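*Asks:* What follows is query-v6.tsv, made up of TSV, C-alpha atoms and all ligand atoms:
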```
chain	number	residue	atom	x	y	z
A	1152	MET	CA	2.41	25.08	-1.15
A	1153	LYS	CA	0.61	21.73	-1.16
A	1154	LYS	CA	2.86	18.75	-1.81
A	1155	LEU	CA	0.78	16.92	-4.44
A	1156	GLU	CA	-0.92	19.83	-6.22
A	1157	ASN	CA	-2.36	18.66	-9.56
A	1158	LYS	CA	-0.88	15.17	-9.19
A	1159	VAL	CA	-2.96	12.12	-10.07
A	1160	VAL	CA	-2.55	9.63	-7.22
A	1161	PHE	CA	-3.70	6.01	-7.62
A	1162	ILE	CA	-4.19	4.15	-4.31
A	1163	THR	CA	-5.07	0.45	-4.08
A	1164	GLY	CA	-6.94	-0.70	-0.99
A	1165	GLY	CA	-8.06	2.92	-0.65
A	1166	ASN	CA	-11.35	2.19	1.06
A	1167	SER	CA	-10.08	1.14	4.49
A	1168	GLY	CA	-7.35	1.59	7.06
A	1169	ILE	CA	-4.04	2.89	5.73
A	1170	GLY	CA	-5.27	3.31	2.15
A	1171	LYS	CA	-8.22	5.42	3.26
A	1172	ALA	CA	-5.97	7.63	5.40
A	1173	ALA	CA	-3.61	7.99	2.42
A	1174	CYS	CA	-6.53	9.04	0.16
A	1175	MET	CA	-7.53	11.71	2.67
A	1176	GLU	CA	-3.98	13.01	3.16
A	1177	ALA	CA	-3.35	13.08	-0.62
A	1178	ALA	CA	-6.59	15.06	-1.05
A	1179	ARG	CA	-5.43	17.56	1.62
A	1180	GLU	CA	-2.16	17.91	-0.30
A	1181	GLY	CA	-4.01	18.89	-3.48
A	1182	ALA	CA	-4.02	15.58	-5.36
A	1183	THR	CA	-6.64	14.11	-7.65
A	1184	VAL	CA	-7.36	10.82	-5.90
A	1185	VAL	CA	-8.16	7.49	-7.55
A	1186	LEU	CA	-9.52	5.11	-4.93
A	1187	ALA	CA	-8.98	1.58	-6.25
A	1188	ASP	CA	-10.51	-1.23	-4.22
A	1189	LEU	CA	-12.53	-4.41	-4.49
A	1190	ALA	CA	-15.90	-4.01	-6.19
A	1191	GLY	CA	-18.98	-4.67	-4.13
A	1192	LYS	CA	-17.80	-2.98	-0.94
A	1193	ASP	CA	-19.42	0.33	-0.03
A	1194	HIS	CA	-16.94	3.07	-0.93
A	1195	LYS	CA	-19.37	6.01	-1.00
A	1196	GLY	CA	-18.47	7.23	2.50
A	1197	THR	CA	-14.78	7.45	1.55
A	1198	ILE	CA	-15.51	9.20	-1.75
A	1199	ASP	CA	-17.79	11.70	0.04
A	1200	ALA	CA	-15.07	12.40	2.62
A	1201	ILE	CA	-12.47	13.00	-0.13
A	1202	GLU	CA	-14.84	15.29	-2.04
A	1203	ALA	CA	-15.54	17.23	1.16
A	1204	LEU	CA	-11.86	18.25	0.99
A	1205	ASN	CA	-12.53	19.76	-2.47
A	1206	ALA	CA	-10.42	17.12	-4.18
A	1207	LYS	CA	-11.27	15.50	-7.49
A	1208	CYS	CA	-11.66	11.77	-7.05
A	1209	MET	CA	-12.88	8.60	-8.67
A	1210	PHE	CA	-13.54	5.03	-7.54
A	1211	VAL	CA	-12.18	2.25	-9.76
A	1212	PRO	CA	-12.85	-1.40	-9.01
A	1213	ILE	CA	-9.74	-3.56	-8.79
A	1214	ASP	CA	-8.79	-7.02	-7.65
A	1215	VAL	CA	-5.01	-6.82	-7.53
A	1216	ALA	CA	-4.73	-10.60	-7.76
A	1217	ASP	CA	-6.39	-10.51	-11.21
A	1218	VAL	CA	-4.12	-9.12	-13.92
A	1219	ASN	CA	-7.00	-8.11	-16.22
A	1220	SER	CA	-8.65	-6.21	-13.39
A	1221	VAL	CA	-5.36	-4.37	-12.70
A	1222	LYS	CA	-4.99	-3.41	-16.37
A	1223	GLN	CA	-8.60	-2.19	-16.51
A	1224	ALA	CA	-8.21	-0.06	-13.36
A	1225	ILE	CA	-5.03	1.59	-14.66
A	1226	ASN	CA	-6.57	2.15	-18.11
A	1227	ALA	CA	-9.72	3.65	-16.56
A	1228	THR	CA	-7.56	6.06	-14.54
A	1229	VAL	CA	-5.55	7.16	-17.56
A	1230	ASP	CA	-8.72	7.47	-19.70
A	1231	LYS	CA	-10.24	9.77	-17.10
A	1232	PHE	CA	-7.27	11.84	-15.90
A	1233	GLY	CA	-4.67	11.39	-18.67
A	1234	ARG	CA	-1.83	10.11	-16.47
A	1235	ILE	CA	-0.80	8.63	-13.11
A	1236	ASP	CA	1.84	10.60	-11.22
A	1237	VAL	CA	1.96	8.51	-8.04
A	1238	ALA	CA	0.87	4.92	-7.40
A	1239	PHE	CA	0.47	3.60	-3.86
A	1240	ASN	CA	0.29	-0.19	-4.08
A	1241	ASN	CA	-1.19	-0.68	-0.66
A	1242	ALA	CA	-3.94	-3.34	-0.99
A	1243	GLY	CA	-3.24	-6.41	1.06
A	1244	ILE	CA	-4.66	-9.11	3.29
A	1245	GLY	CA	-3.53	-10.36	6.68
A	1246	GLY	CA	-1.55	-13.48	7.25
A	1247	ALA	CA	-2.52	-16.84	8.69
A	1248	TYR	CA	-0.48	-18.19	11.61
A	1249	SER	CA	0.94	-21.62	10.88
A	1250	GLY	CA	4.03	-23.78	10.94
A	1251	ILE	CA	5.77	-24.04	7.59
A	1252	HIS	CA	5.53	-27.84	7.71
A	1253	ASP	CA	1.74	-27.80	8.00
A	1254	MET	CA	0.81	-24.67	6.05
A	1255	PRO	CA	-2.06	-25.41	3.64
A	1256	GLU	CA	-0.97	-24.70	0.06
A	1257	ALA	CA	-4.23	-22.85	-0.68
A	1258	VAL	CA	-3.55	-20.39	2.16
A	1259	TRP	CA	-0.01	-19.78	0.90
A	1260	ASP	CA	-1.28	-19.28	-2.67
A	1261	LYS	CA	-3.95	-16.75	-1.65
A	1262	ILE	CA	-1.63	-14.59	0.46
A	1263	ILE	CA	1.12	-14.60	-2.15
A	1264	ALA	CA	-1.43	-13.87	-4.93
A	1265	VAL	CA	-2.73	-10.71	-3.24
A	1266	ASN	CA	0.29	-9.46	-1.29
A	1267	LEU	CA	3.10	-10.20	-3.76
A	1268	THR	CA	1.85	-11.14	-7.23
A	1269	GLY	CA	-0.77	-8.39	-6.95
A	1270	GLN	CA	1.99	-5.87	-6.28
A	1271	PHE	CA	3.90	-7.15	-9.32
A	1272	TYR	CA	0.84	-6.76	-11.58
A	1273	CYS	CA	0.29	-3.19	-10.37
A	1274	VAL	CA	3.96	-2.24	-10.69
A	1275	LYS	CA	4.25	-3.78	-14.16
A	1276	TYR	CA	1.36	-1.83	-15.68
A	1277	GLU	CA	2.10	1.38	-13.77
A	1278	LEU	CA	5.65	1.26	-15.14
A	1279	GLN	CA	4.32	0.87	-18.69
A	1280	GLN	CA	2.29	4.04	-18.18
A	1281	PHE	CA	5.21	5.87	-16.51
A	1282	LEU	CA	7.52	5.01	-19.44
A	1283	LYS	CA	4.93	6.46	-21.86
A	1284	GLN	CA	4.43	9.67	-19.91
A	1285	GLY	CA	8.09	10.28	-18.93
A	1286	GLY	CA	8.19	9.33	-15.26
A	1287	GLY	CA	6.31	8.61	-12.07
A	1288	ILE	CA	6.56	7.54	-8.46
A	1289	ILE	CA	5.71	4.16	-6.93
A	1290	VAL	CA	5.21	3.56	-3.22
A	1291	ASN	CA	4.77	-0.09	-2.28
A	1292	MET	CA	3.29	-1.26	1.00
A	1293	SER	CA	5.51	-3.80	2.71
A	1294	SER	CA	5.62	-4.27	6.49
A	1295	LEU	CA	8.09	-4.75	9.31
A	1296	GLY	CA	7.34	-8.35	8.31
A	1297	GLY	CA	9.25	-7.52	5.12
A	1298	LEU	CA	12.43	-7.14	7.16
A	1299	LYS	CA	12.09	-9.74	9.91
A	1300	ALA	CA	10.17	-12.94	10.49
A	1301	GLU	CA	6.97	-12.70	12.50
A	1302	HIS	CA	6.61	-16.07	14.23
A	1303	GLY	CA	4.04	-18.15	12.32
A	1304	LEU	CA	3.18	-15.54	9.67
A	1305	VAL	CA	4.93	-17.59	7.00
A	1306	ALA	CA	3.34	-16.52	3.71
A	1307	TYR	CA	2.77	-12.93	4.84
A	1308	THR	CA	6.42	-12.36	5.75
A	1309	ALA	CA	7.57	-14.11	2.55
A	1310	ALA	CA	5.29	-11.87	0.47
A	1311	LYS	CA	6.35	-8.69	2.26
A	1312	HIS	CA	10.06	-9.58	1.88
A	1313	GLY	CA	9.29	-10.10	-1.82
A	1314	VAL	CA	7.74	-6.64	-2.08
A	1315	LEU	CA	11.05	-5.13	-0.97
A	1316	GLY	CA	12.92	-7.09	-3.64
A	1317	LEU	CA	10.46	-5.87	-6.27
A	1318	THR	CA	10.82	-2.28	-5.03
A	1319	LYS	CA	14.63	-2.36	-5.12
A	1320	ASN	CA	14.47	-3.57	-8.71
A	1321	ILE	CA	12.34	-0.55	-9.66
A	1322	ALA	CA	15.06	1.69	-8.26
A	1323	VAL	CA	17.95	0.07	-10.10
A	1324	GLN	CA	16.15	-0.48	-13.42
A	1325	TYR	CA	14.17	2.74	-13.92
A	1326	ALA	CA	15.94	5.63	-12.17
A	1327	ALA	CA	17.23	6.88	-15.52
A	1328	GLN	CA	13.63	7.10	-16.78
A	1329	ASN	CA	12.62	9.54	-14.04
A	1330	ILE	CA	10.89	6.79	-12.05
A	1331	ARG	CA	11.37	6.19	-8.34
A	1332	GLY	CA	10.16	3.25	-6.23
A	1333	ASN	CA	10.19	3.04	-2.43
A	1334	ALA	CA	8.49	0.94	0.21
A	1335	ILE	CA	6.93	1.53	3.62
A	1336	CYS	CA	7.49	-0.96	6.45
A	1337	PRO	CA	5.19	-0.36	9.41
A	1338	TYR	CA	4.93	-2.42	12.56
A	1339	TYR	CA	1.30	-3.06	13.58
A	1340	VAL	CA	-1.10	-0.27	12.57
A	1341	GLU	CA	-4.52	0.23	14.19
A	1342	THR	CA	-6.76	-0.72	11.23
A	1343	PRO	CA	-9.58	-3.21	10.56
A	1344	LEU	CA	-6.88	-5.70	9.47
A	1345	LEU	CA	-6.10	-6.30	13.15
A	1346	SER	CA	-9.70	-6.67	14.27
A	1347	ALA	CA	-9.59	-10.48	14.38
A	1348	ALA	CA	-6.69	-10.53	16.85
A	1349	PRO	CA	-7.58	-11.53	20.43
A	1350	GLU	CA	-7.19	-8.75	23.03
A	1351	ALA	CA	-4.21	-10.48	24.65
A	1352	VAL	CA	-2.35	-10.66	21.35
A	1353	HIS	CA	-3.12	-7.00	20.63
A	1354	SER	CA	-1.76	-6.05	24.06
A	1355	SER	CA	1.38	-8.09	23.47
A	1356	TRP	CA	2.07	-6.10	20.28
A	1357	ILE	CA	1.80	-2.86	22.23
A	1358	GLU	CA	4.06	-4.21	24.98
A	1359	GLY	CA	6.55	-5.30	22.30
A	1360	THR	CA	7.25	-1.78	21.12
A	1361	PRO	CA	9.32	0.85	22.97
A	1362	ALA	CA	6.62	3.39	21.94
A	1363	LYS	CA	4.03	1.41	23.99
A	1364	ARG	CA	1.42	2.05	21.32
A	1365	LEU	CA	0.75	0.93	17.77
A	1366	CYS	CA	1.08	3.11	14.67
A	1367	THR	CA	-1.92	5.07	13.38
A	1368	PRO	CA	-3.08	4.99	9.74
A	1369	GLU	CA	-2.50	8.75	9.62
A	1370	GLU	CA	1.17	8.30	10.56
A	1371	VAL	CA	1.59	5.87	7.66
A	1372	ALA	CA	-0.25	8.29	5.36
A	1373	LYS	CA	2.27	11.04	6.27
A	1374	ALA	CA	5.13	8.69	5.35
A	1375	PHE	CA	3.36	7.98	2.05
A	1376	ILE	CA	3.11	11.71	1.29
A	1377	TYR	CA	6.85	12.08	1.94
A	1378	LEU	CA	7.70	9.29	-0.51
A	1379	ALA	CA	5.09	10.52	-3.03
A	1380	SER	CA	6.40	14.09	-3.10
A	1381	GLU	CA	9.52	15.96	-4.13
A	1382	ASP	CA	10.55	16.02	-0.45
A	1383	SER	CA	11.98	12.53	-1.03
A	1384	SER	CA	13.51	13.26	-4.46
A	1385	TYR	CA	16.78	11.42	-3.67
A	1386	CYS	CA	15.11	8.36	-2.03
A	1387	ASN	CA	15.02	5.39	-4.34
A	1388	GLY	CA	14.66	1.74	-3.36
A	1389	ILE	CA	14.38	2.45	0.37
A	1390	SER	CA	12.37	0.60	3.00
A	1391	LEU	CA	10.97	3.30	5.27
A	1392	ILE	CA	10.48	1.80	8.73
A	1393	LEU	CA	7.67	3.02	11.01
A	1394	ASP	CA	7.97	0.87	14.11
A	1395	GLY	CA	8.04	2.94	17.28
A	1396	GLY	CA	11.57	1.64	17.92
A	1397	VAL	CA	11.01	-2.12	17.55
A	1398	MET	CA	13.97	-2.72	15.22
A	1399	ALA	CA	16.25	-0.66	17.41
A	1401	LIG	N1	-2.50	-2.96	9.80
A	1401	LIG	C1	-1.25	-3.36	10.01
A	1401	LIG	O1	-0.85	-3.69	11.14
A	1401	LIG	C2	-0.25	-3.38	8.88
A	1401	LIG	C3	1.12	-3.40	9.20
A	1401	LIG	C4	2.04	-3.43	8.16
A	1401	LIG	C5	1.61	-3.46	6.85
A	1401	LIG	N2	0.28	-3.46	6.58
A	1401	LIG	C6	-0.13	-3.49	5.17
A	1401	LIG	O2	-0.84	-2.31	4.86
A	1401	LIG	C7	-1.76	-2.57	3.80
A	1401	LIG	C8	-3.14	-2.04	4.15
A	1401	LIG	O3	-3.59	-2.72	5.31
A	1401	LIG	P1	-4.67	-2.13	6.31
A	1401	LIG	O4	-4.16	-2.43	7.66
A	1401	LIG	O5	-5.05	-0.76	5.94
A	1401	LIG	O6	-5.84	-3.17	6.02
A	1401	LIG	P2	-7.43	-2.99	5.77
A	1401	LIG	O7	-7.97	-4.37	5.84
A	1401	LIG	O8	-7.97	-1.93	6.66
A	1401	LIG	O9	-7.47	-2.45	4.27
A	1401	LIG	C9	-7.06	-3.26	3.19
A	1401	LIG	C10	-7.79	-2.79	1.94
A	1401	LIG	O10	-7.31	-3.59	0.84
A	1401	LIG	C11	-8.43	-4.03	0.10
A	1401	LIG	N3	-8.12	-5.29	-0.58
A	1401	LIG	C12	-7.96	-6.51	-0.01
A	1401	LIG	N4	-7.73	-7.43	-0.97
A	1401	LIG	C13	-7.73	-6.76	-2.16
A	1401	LIG	C14	-7.57	-7.15	-3.50
A	1401	LIG	N5	-7.36	-8.44	-3.85
A	1401	LIG	N6	-7.63	-6.21	-4.47
A	1401	LIG	C15	-7.86	-4.91	-4.14
A	1401	LIG	N7	-8.03	-4.47	-2.89
A	1401	LIG	C16	-7.98	-5.39	-1.90
A	1401	LIG	C17	-9.56	-4.19	1.11
A	1401	LIG	O11	-10.83	-4.14	0.48
A	1401	LIG	C18	-9.30	-3.00	2.04
A	1401	LIG	O12	-9.98	-1.83	1.60
A	1401	LIG	C19	-1.70	-4.08	3.55
A	1401	LIG	O13	-0.86	-4.34	2.45
A	1401	LIG	C20	-1.09	-4.62	4.83
A	1401	LIG	O14	-0.40	-5.82	4.62
A	1401	LIG	C21	-0.67	-3.40	7.55
```
For the structure just supplied, provide its representation as structure tokens.
*Replies:*
Amino acid sequence: MKKLENKVVFITGGNSGIGKAACMEAAREGATVVLADLAGKDHKGTIDAIEALNAKCMFVPIDVADVNSVKQAINATVDKFGRIDVAFNNAGIGGAYSGIHDMPEAVWDKIIAVNLTGQFYCVKYELQQFLKQGGGIIVNMSSLGGLKAEHGLVAYTAAKHGVLGLTKNIAVQYAAQNIRGNAICPYYVETPLLSAAPEAVHSSWIEGTPAKRLCTPEEVAKAFIYLASEDSSYCNGISLILDGGVMA
């Protein structure tokens, strides 16, 4: 039995890295996949790969930092498929290394706008739909940086800590309405987000984990499927850590 048979799954940032792996894994588990990502980027290859798994899918443009764009993407999904069963609020941008005392306000604003306020916009309008349809599941992308400071990643770690606060509030406010909200907290994952890091920094991340390797997007996608399915029916408000032993 597939774990997401006939479920409509809405994934932001679905065209790259973790989001793309989650789209593929959801398709393998029988879901109808809505790939929501920035307009203007080529998403055809991802859509073709999802369709090759015999899954129904649709691309919707979204800029999570723009509330009207979020509303339009959710409305377009419901217009097409009638409901949203699972939302994976995964879209995000990397951080900028800086001291707090000299962090440019514009950099702070941008990272918070996408990585925290964007999550709030998605959660708000997904919840409105879930309340209408009688339930739903939210999975929010945080990070190990949501649980501990990463030296210099000021706005990123603040945003990812905020995502966990938002997620816990879903759990305590909406459990009675058949709605669950959980978060995923990976250490570094081998995706295009890391491509700007110098080789020495990349190696230091690997050295810093007992696993002596970074996480793969597919491993995060498997954790997403767990939280998106009935397998995790009693999980609500959790921060699921994928860190190869770093926090231990
Ligand atoms: N890669 C890592 O090491 C790592 C670790 C922990 C958490 N994360 C988190 O996982 C999520 C996905 O990261 P990834 O590594 O797959 O990165 P990625 O860069 O490969 O993919 C990010 C996707 O989000 C989209 N996106 C960016 N800004 C957007 C916006 N304003 N609106 C809509 N879509 C937008 C991009 O177009 C892209 O498709 C992010 O939230 C990131 O913070 C990543």
*Asks:* Do you know which residues are at most 9 Å from range 1270-1276 of chain A counting all atoms listed in the file, after dropping those on the same chain fewer than 5 positions away, and could you put them as a list in words?
*Replies:* Val1215, Ala1216, Asp1217, Val1218, Val1221, Lys1222, Ile1225, Ala1238, Asn1240, Asn1241, Ala1242, Ala1264, Val1265, Phe1281, Ile1289, Asn1291, Met1292, Val1314, Leu1317, Thr1318 and Ile1321 of chain A
*Asks:* Which residues, written as a short mmCIF file (atom, residue, chain, number, x, y, z; two decimals) with C-alpha atoms, in the coordinates of the input, have at least one atom at most 8 Å from Ile1392 in chain A, with all atoms listed in the file counted and residues fewer than 3 positions away on the same chain left out?
*Replies:*
```cif
data_model
loop_
_atom_site.label_atom_id
_atom_site.label_comp_id
_atom_site.auth_asym_id
_atom_site.auth_seq_id
_atom_site.Cartn_x
_atom_site.Cartn_y
_atom_site.Cartn_z
CA LEU A 1295 8.09 -4.75 9.31
CA ILE A 1335 6.93 1.53 3.62
CA CYS A 1336 7.49 -0.96 6.45
CA PRO A 1337 5.19 -0.36 9.41
CA TYR A 1338 4.93 -2.42 12.56
#
```
*Asks:* Using all atoms listed in the file, which protein or nucleic acid residues come within 10 Å of Asp1394 in chain A? Drop anything in the same chain fewer than 5 positions from it, and give the result as a list in words.
*Replies:*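 Selected residues are Ser1294, Leu1295, Cys1336, Pro1337, Tyr1338, Tyr1339, Val1340, Thr1360, Pro1361, Ala1362, Arg1364, Leu1365, Cys1366 and Ala1399 of chain A.
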*Asks:* With only C-alpha atoms as the basis for distance, which of A:Leu1267, A:Val1352, A:Val1397, A:Leu1378 is at the shortest distance from Val1237 in chain A?
*Replies:*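 Closest to Val1237 in chain A, using only C-alpha atoms: A:Leu1378.
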*Asks:* Can you work out which one of A:Ser1346, A:Ser1293, A:Thr1197, A:Ser1220 has the shortest atom-to-atom distance to ligand LIG 1401 (chain A), counting all atoms listed in the file?
*Replies:* A:Ser1293
*Asks:* Tell me, as a PyMOL selection string, which residues lie within 8 Å of Leu1186 in chain A, counting all atoms listed in the file; anything in the same chain fewer than 6 positions away does not count.
*Replies:* chain A and resi 1161-1166+1174+1198+1208-1211
*Asks:* Closest to Pro1255 in chain A among A:Asp1188, A:Ala1306, A:Gly1296, A:Ser1380, using all atoms listed in the file?
*Replies:*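 The shortest atom-to-atom distance to Pro1255 in chain A comes from A:Ala1306.
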